[in-house]
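Chemist: What follows is a structure written as structure tokens; I'll ask about it next.
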Amino acid sequence: PRPPGDGLHRTPGTAVAVAVVPTRAIVDRDGRPHVWVVTDRRVALRAVTLGAERIDAVEVAAGVMPGEMVVVGPPATLAAGMLVRLRAER
């Protein structure tokens, strides 16, 4: 759930789509959470706001939309703009 004052109005009991990413997709940059997002097979580092934790995953309250692809377990050598191979391409 988002904190009060986020500008979104909801009726109690309504469902809201949230992005959920594996915990291993979260990277720390300067003490803040980020994920590597894949668009057109290229990666970009994006700051995120984390929500509720699950067993091996975490909700992303802001920064990633449901359905976007993220890199799980990114190597330290990953850099913005690099091409990545999607798991389905193996």
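Ligands are numbered from 1 in the order shown, residues from 1 within each chain, and chains are lettered A, B, ... in the order they appear in the structure tokens.
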For the strand (DSSP E) assignment from backbone DSSP, which residues of stretch 25-83 of chain A qualify? Please present them as a ChimeraX atom specification.

Modeler: /A:27-29,32-39,42-47,49-53,57-62,69-70

Chemist: Can you write just those residues out, C-alpha atoms, as a short mmCIF file (atom, residue, chain, number, x, y, z; two decimals), in the first residue's frame?

Modeler:
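Below is the file result-v3.cif, written as the result:
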```cif
data_model
loop_
_atom_site.label_atom_id
_atom_site.label_comp_id
_atom_site.auth_asym_id
_atom_site.auth_seq_id
_atom_site.Cartn_x
_atom_site.Cartn_y
_atom_site.Cartn_z
CA VAL A 27 20.22 -3.23 -5.94
CA ASP A 28 21.47 -0.57 -3.56
CA ARG A 29 22.90 2.65 -4.99
CA ARG A 32 18.56 3.79 -2.04
CA PRO A 33 16.79 0.86 -3.77
CA HIS A 34 16.98 0.54 -7.56
CA VAL A 35 16.22 -2.06 -10.21
CA TRP A 36 17.59 -2.64 -13.69
CA VAL A 37 14.64 -2.36 -16.07
CA VAL A 38 14.81 -3.96 -19.53
CA THR A 39 13.30 -2.07 -22.48
CA ARG A 42 18.62 -2.65 -23.14
CA VAL A 43 18.91 -1.97 -19.42
CA ALA A 44 18.40 1.20 -17.44
CA LEU A 45 18.86 1.69 -13.72
CA ARG A 46 15.72 3.05 -12.10
CA ALA A 47 15.12 4.25 -8.53
CA THR A 49 10.03 2.96 -3.75
CA LEU A 50 9.50 -0.36 -2.03
CA GLY A 51 6.27 -1.54 -0.47
CA ALA A 52 5.32 -4.71 1.38
CA GLU A 53 7.78 -7.58 1.51
CA ALA A 57 9.78 -10.76 -3.46
CA VAL A 58 8.85 -7.18 -2.69
CA GLU A 59 6.10 -4.88 -3.93
CA VAL A 60 7.31 -1.80 -5.78
CA ALA A 61 5.09 1.15 -4.86
CA ALA A 62 6.73 3.49 -7.39
CA MET A 69 10.90 -6.70 -17.06
CA VAL A 70 13.69 -6.41 -14.50
#
```

Chemist: Could you please determine the separation between atom CA of A:Leu78 and atom CA of A:Val20 in Å, to one decimal place?

Modeler: 21.7 Å

Chemist: Between A:Gly73, A:Arg41, A:Glu68, A:Arg54, single out the one closest to A:Leu86, counting only C-alpha atoms.

Modeler: A:Arg41
